[in-house]
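Novice: One file: coords23.csv (CSV, C-alpha atoms).
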chain,number,residue,atom,x,y,z
M,1,MET,CA,86.4,105.8,109.6
M,2,LYS,CA,86.1,107.3,106.1
M,3,PRO,CA,89.5,107.9,104.4
M,4,ALA,CA,90.3,111.6,103.9
M,5,SER,CA,90.4,113.0,100.4
M,6,ALA,CA,93.9,112.7,99.1
M,7,PRO,CA,95.8,115.8,98.2
M,8,SER,CA,97.8,115.9,95.0
M,9,THR,CA,101.0,116.0,97.0
M,10,TYR,CA,102.0,115.2,100.6
M,11,THR,CA,105.1,116.3,102.6
M,12,VAL,CA,106.3,113.5,104.9
M,13,GLN,CA,106.2,114.3,108.6
M,14,ARG,CA,108.2,112.7,111.4
M,15,GLY,CA,106.5,109.5,112.5
M,16,ASP,CA,104.9,108.8,109.1
M,17,THR,CA,105.2,105.5,107.3
M,18,LEU,CA,104.2,104.9,103.7
M,19,TYR,CA,101.5,102.6,105.1
M,20,SER,CA,100.1,105.2,107.4
M,21,ILE,CA,99.9,107.8,104.7
M,22,THR,CA,98.2,105.6,102.2
M,23,TRP,CA,95.9,104.2,104.8
M,24,ARG,CA,94.8,107.8,105.8
M,25,TYR,CA,93.8,108.5,102.2
M,26,GLY,CA,92.6,105.1,101.1
M,27,LEU,CA,95.4,104.4,98.6
M,28,ASP,CA,97.4,101.3,97.6
M,29,TYR,CA,100.9,101.7,99.0
M,30,ARG,CA,102.4,99.8,96.1
M,31,THR,CA,100.9,102.3,93.6
M,32,ILE,CA,102.2,105.3,95.5
M,33,ALA,CA,105.6,103.6,96.0
M,34,ALA,CA,106.0,103.0,92.3
M,35,ALA,CA,104.8,106.5,91.3
M,36,ASN,CA,107.4,108.1,93.7
M,37,GLU,CA,110.2,105.6,92.9
M,38,ILE,CA,110.3,104.3,96.4
M,39,SER,CA,112.2,101.0,96.7
M,40,PRO,CA,110.6,97.9,98.3
M,41,SER,CA,112.1,98.8,101.6
M,42,TYR,CA,109.4,101.6,101.6
M,43,THR,CA,111.6,103.9,103.6
M,44,ILE,CA,110.5,107.6,103.5
M,45,TYR,CA,112.0,110.7,105.0
M,46,PRO,CA,110.7,113.9,106.8
M,47,GLY,CA,110.4,116.6,104.2
M,48,GLN,CA,110.1,114.2,101.3
M,49,LYS,CA,107.4,115.2,98.8
M,50,LEU,CA,105.1,112.4,97.7
M,51,TYR,CA,102.8,112.5,94.7
M,52,LEU,CA,99.4,110.9,95.6
M,53,LYS,CA,97.2,111.6,92.7
M,54,LYS,CA,97.2,110.9,89.0
M,55,PRO,CA,98.5,112.0,86.6
M,56,PHE,CA,101.8,111.2,88.3
M,57,PRO,CA,104.9,113.1,87.0
M,58,LYS,CA,107.3,111.2,84.8
M,59,LYS,CA,109.8,109.3,86.9
M,60,LYS,CA,112.7,111.5,86.1
M,61,THR,CA,110.9,114.4,87.7
M,62,VAL,CA,109.7,112.7,90.9
M,63,ALA,CA,110.9,114.7,93.9
M,64,ARG,CA,113.4,113.2,96.3
M,65,SER,CA,113.8,114.1,100.0
M,66,THR,CA,113.9,117.9,100.2
M,67,ALA,CA,115.6,118.2,103.5
M,68,ALA,CA,118.0,116.3,105.7
M,69,THR,CA,116.4,116.1,109.1
M,70,THR,CA,118.3,115.8,112.4
M,71,SER,CA,117.0,113.8,115.3
M,72,GLN,CA,116.0,117.1,117.0
M,73,GLY,CA,113.8,118.0,114.0
M,74,GLY,CA,116.0,120.6,112.4
M,75,SER,CA,117.1,120.5,108.8
M,76,SER,CA,120.6,120.8,107.3
M,77,ALA,CA,122.0,119.6,104.0
M,78,SER,CA,125.3,118.9,105.8
M,79,LYS,CA,123.7,116.6,108.4
M,80,LYS,CA,122.7,113.0,108.0
M,81,THR,CA,119.2,112.3,106.7
M,82,VAL,CA,117.1,110.1,108.9
M,83,ALA,CA,114.0,108.1,108.1
M,84,ALA,CA,110.5,109.3,109.2
M,85,THR,CA,110.4,106.2,111.4
M,86,LYS,CA,113.1,103.7,112.3
M,87,PRO,CA,111.9,100.2,111.4
M,88,LYS,CA,112.9,97.5,113.9
M,89,ALA,CA,112.7,94.7,111.4
M,90,PRO,CA,114.5,94.2,108.1
M,91,THR,CA,113.4,96.9,105.6
M,92,ARG,CA,111.7,94.4,103.3
M,93,ASP,CA,109.2,92.1,105.1
M,94,SER,CA,109.7,89.4,102.4
M,95,ALA,CA,108.3,86.8,104.8
M,96,THR,CA,104.9,88.6,104.6
M,97,ALA,CA,104.8,89.8,101.0
M,98,ASN,CA,103.6,86.6,99.3
M,99,THR,CA,102.0,84.8,102.3
M,100,LYS,CA,98.5,83.7,101.7
M,101,VAL,CA,95.9,84.2,104.4
M,102,SER,CA,94.5,80.7,104.9
M,103,SER,CA,92.0,81.8,107.5
M,104,TRP,CA,90.9,84.9,109.6
M,105,ARG,CA,90.0,85.1,113.2
M,106,TRP,CA,88.0,87.8,115.2
M,107,PRO,CA,90.2,90.5,116.7
M,108,THR,CA,88.4,90.7,120.0
M,109,LYS,CA,85.4,89.5,121.9
M,110,GLY,CA,82.4,91.8,122.1
M,111,LYS,CA,79.3,92.9,120.2
M,112,VAL,CA,79.5,94.6,116.8
M,113,THR,CA,77.9,98.0,117.7
M,114,ARG,CA,78.4,99.6,114.3
M,115,GLY,CA,78.8,97.8,111.0
M,116,TYR,CA,80.6,98.6,107.8
M,117,SER,CA,79.4,101.2,105.3
M,118,SER,CA,80.8,101.8,101.9
M,119,THR,CA,80.2,105.5,102.2
M,120,VAL,CA,80.7,106.7,105.8
M,121,HIS,CA,82.2,103.9,108.1
M,122,LYS,CA,84.9,101.8,106.5
M,123,GLY,CA,85.1,99.2,109.3
M,124,ILE,CA,83.3,97.8,112.3
M,125,ASP,CA,83.2,98.8,115.9
M,126,ILE,CA,83.3,96.1,118.6
M,127,SER,CA,82.3,97.0,122.2
M,128,GLY,CA,83.9,95.8,125.4
M,129,ALA,CA,85.7,96.8,128.6
M,130,LYS,CA,88.9,98.7,128.9
M,131,GLY,CA,91.8,96.3,128.9
M,132,ASP,CA,90.0,93.5,126.8
M,133,ALA,CA,92.6,91.7,124.7
M,134,ILE,CA,92.9,92.4,121.0
M,135,TYR,CA,94.4,89.8,118.7
M,136,ALA,CA,96.0,89.8,115.3
M,137,VAL,CA,93.4,88.4,112.8
M,138,ALA,CA,96.1,86.7,110.8
M,139,SER,CA,99.9,86.5,110.8
M,140,GLY,CA,101.8,89.5,109.5
M,141,THR,CA,104.1,92.4,110.1
M,142,VAL,CA,103.3,95.5,112.1
M,143,VAL,CA,103.8,98.4,109.7
M,144,TYR,CA,102.4,101.2,111.8
M,145,ALA,CA,101.9,101.9,115.5
M,146,GLY,CA,101.0,105.3,116.8
M,147,THR,CA,98.6,108.2,117.0
M,148,GLY,CA,99.4,110.0,113.7
M,149,ILE,CA,96.1,109.3,112.0
M,150,VAL,CA,93.3,111.5,113.3
M,151,GLY,CA,90.2,109.7,114.5
M,152,PHE,CA,91.8,106.3,115.3
M,153,GLY,CA,93.6,107.0,118.6
M,154,GLU,CA,96.3,104.5,119.4
M,155,LEU,CA,96.4,102.6,116.1
M,156,LEU,CA,98.1,99.5,114.8
M,157,ILE,CA,98.3,98.5,111.2
M,158,VAL,CA,99.3,94.9,110.3
M,159,LYS,CA,100.4,93.9,106.8
M,160,HIS,CA,99.4,90.3,106.1
M,161,ASN,CA,100.7,90.1,102.5
M,162,ASP,CA,100.9,92.4,99.4
M,163,ILE,CA,97.1,92.4,99.2
M,164,TYR,CA,95.7,92.7,102.8
M,165,LEU,CA,96.2,95.1,105.6
M,166,SER,CA,94.2,95.2,108.9
M,167,ALA,CA,93.9,98.0,111.4
M,168,TYR,CA,93.0,98.2,115.1
M,169,GLY,CA,92.0,101.6,116.5
M,170,HIS,CA,91.3,103.2,119.9
M,171,ASN,CA,93.6,101.0,121.8
M,172,TYR,CA,94.5,101.5,125.5
M,173,ARG,CA,97.8,99.8,125.3
M,174,LEU,CA,100.0,98.4,122.5
M,175,PHE,CA,102.1,95.2,122.9
M,176,VAL,CA,103.9,95.3,119.6
M,177,GLU,CA,105.8,98.0,117.6
M,178,GLU,CA,106.6,98.7,114.0
M,179,GLY,CA,108.6,95.9,112.4
M,180,ASP,CA,107.4,93.2,114.7
M,181,ARG,CA,106.2,89.9,113.2
M,182,VAL,CA,103.0,88.7,114.7
M,183,LYS,CA,101.1,85.4,114.6
M,184,ALA,CA,97.4,84.9,114.1
M,185,GLY,CA,95.7,85.0,117.5
M,186,GLN,CA,98.7,86.8,119.2
M,187,LYS,CA,97.7,89.5,121.7
M,188,ILE,CA,98.8,92.8,120.2
M,189,ALA,CA,96.9,95.4,122.2
M,190,GLU,CA,94.2,96.1,124.8
M,191,LYS,CA,90.9,97.7,124.1
M,192,GLY,CA,90.5,101.4,125.1
M,193,SER,CA,88.9,104.7,124.2
M,194,SER,CA,91.8,106.7,122.8
M,195,GLY,CA,90.6,109.1,120.2
M,196,THR,CA,86.9,108.5,121.0
M,197,ASP,CA,84.4,108.8,123.9
M,198,THR,CA,83.6,105.1,124.5
M,199,VAL,CA,85.6,101.9,124.9
M,200,LYS,CA,85.6,100.0,121.6
M,201,LEU,CA,87.8,98.5,118.9
M,202,HIS,CA,87.5,100.1,115.5
M,203,PHE,CA,88.6,97.4,113.1
M,204,GLU,CA,89.2,97.6,109.4
M,205,ILE,CA,90.5,95.4,106.6
M,206,ARG,CA,91.8,96.9,103.3
M,207,LYS,CA,92.3,94.9,100.1
M,208,GLU,CA,94.8,96.5,97.7
M,209,GLY,CA,94.3,99.8,99.6
M,210,LYS,CA,90.5,99.8,99.5
M,211,PRO,CA,88.3,99.2,102.5
M,212,ILE,CA,86.2,96.1,102.5
M,213,ASP,CA,83.5,94.7,104.9
M,214,PRO,CA,85.6,92.8,107.5
M,215,GLN,CA,82.6,90.6,108.3
M,216,LYS,CA,82.7,89.0,104.9
M,217,LEU,CA,86.1,87.6,105.8
M,218,LEU,CA,85.8,86.9,109.5
M,219,PRO,CA,84.4,83.5,110.6
Kindly transcribe the structure held in the file into structure tokens.
Specialist:
Amino acid sequence: MKPASAPSTYTVQRGDTLYSITWRYGLDYRTIAAANEISPSYTIYPGQKLYLKKPFPKKKTVARSTAATTSQGGSSASKKTVAATKPKAPTRDSATANTKVSSWRWPTKGKVTRGYSSTVHKGIDISGAKGDAIYAVASGTVVYAGTGIVGFGELLIVKHNDIYLSAYGHNYRLFVEEGDRVKAGQKIAEKGSSGTDTVKLHFEIRKEGKPIDPQKLLP
């Protein structure tokens, strides 16, 4: 999938994570976190205004959360603010941050039916049958699990370290959730056709926020 063109600003919606927002627009989450004075926990809140494009405002003028949101979706300054998502794991996945990826493995069995394109298709599609196992290509932390990014269906994003993220789209069933630590080769989902008309895995790897050809890293 080709990342959408990033707007100058974005208002955080319920279910968003910093990773899902920056993935949607092909941005480096570290750059956006720094520009918006978001701490390494990377916690964001519904109603919070994020700056996504340069020139970023001076840090003293960066907007904070504009509304305190209740669990029912209402807003009130007198009620407790809740995060856009509720991470299961510690807020800073320090075990992942500086881990080197010593090797990569294929995310599933099947034929590559569509390859990577630097202009229109930022990953590869792998065919198969509904229910085929999907595996983590390297150890890491699940930083997004959901359907909030149009065109990916049931999507998982795994952070391997501060450089690499991988994504697994169109899943039928997920076996992990946000905050889970996963090992290389661990079954994390089953292949499906969510968000598309055929059973397949759409797989991407991003390096410092930018899509790269996964087949240049996979064995």
Novice: Please report the interatomic distance between atom CA of Ile188 of chain M and atom CA of Lys109 of chain M in Å with one decimal.
Specialist: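 About the pair atom CA of Ile188 of chain M and atom CA of Lys109 of chain M: they are 13.9 Å apart.
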Novice: Could you please determine the separation between atom CA of Leu155 of chain M and atom CA of Ala167 of chain M in Å, to one decimal place?
Specialist: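 So the answer is 7.0 Å.
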Novice: Would you list the contacts of Arg206 of chain M as a PyMOL selection string, taking every protein, DNA or RNA residue within 10 Å and counting only C-alpha atoms, but skipping same-chain residues closer than 6 positions in sequence?
Specialist: chain M and resi 23+26-28+122-123+159+163-167+212-214
Novice: Name the residues in contact with Leu218 of chain M at a cut-off of 10 Å, using all atoms listed in the file, excluding same-chain residues fewer than 4 positions from it; report them as a list in words.
Specialist: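 So, after excluding close chain neighbours, the residues are Ser103, Trp104, Arg105, Trp106, Pro107, Val137, Asp213 and Pro214 of chain M.
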Novice: Residues within 8 Å of Asp132 of chain M, please, as a list in words. Count only C-alpha atoms; anything in the same chain fewer than 6 positions from it doesn't count.
Specialist: Thr108, Lys109, Glu190 and Lys191 of chain M
Novice: Excluding Ser20 of chain M and its own-chain neighbours fewer than 5 positions away, which residues fall within 8 Å of it when counting all atoms listed in the file? Please give them as a PyMOL selection string.
Specialist: chain M and resi 144+148-149+157
Novice: May I have the residues within 8 Å of Ser193 of chain M as a count of residues only, using all atoms listed in the file and disregarding those fewer than 2 positions away in the same chain?
Specialist: 12
Novice: Between atom CA of Arg30 of chain M and atom CA of Thr9 of chain M, what is the spacing in Å?
Specialist: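 Those two atoms sit 16.3 Å apart.
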Novice: Taking all atoms listed in the file into account, which of M:Thr113, M:Ser194, M:Thr147, M:Ser41 comes nearest Gly179 of chain M?
Specialist: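 Of M:Thr113, M:Ser194, M:Thr147, M:Ser41, the one nearest Gly179 of chain M is M:Ser41, counting all atoms listed in the file.
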Novice: Closest to Arg114 of chain M among M:Val101, M:Ala133, M:Leu201, M:Leu217, using all atoms listed in the file?
Specialist: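 Of M:Val101, M:Ala133, M:Leu201, M:Leu217, the one nearest Arg114 of chain M is M:Leu201, counting all atoms listed in the file.
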Novice: Select, from M:Val143, M:His121, M:Gly47, M:Phe175, the residue with the minimum atom-to-atom distance to Thr22 of chain M, counting all atoms listed in the file.
Specialist: M:Val143
Novice: Given all atoms listed in the file as the basis, pick out the residue of M:Lys59, M:Arg24, M:Lys53, M:Lys100 nearest to Glu37 of chain M.
Specialist: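 Checking each candidate against Glu37 of chain M, we get M:Lys59 as the closest.
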Novice: Closest to Ala35 of chain M among M:Val182, M:Val12, M:Ala136, M:Leu52, using all atoms listed in the file?
Specialist: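 Among M:Val182, M:Val12, M:Ala136, M:Leu52, it is M:Leu52 that comes nearest to Ala35 of chain M.
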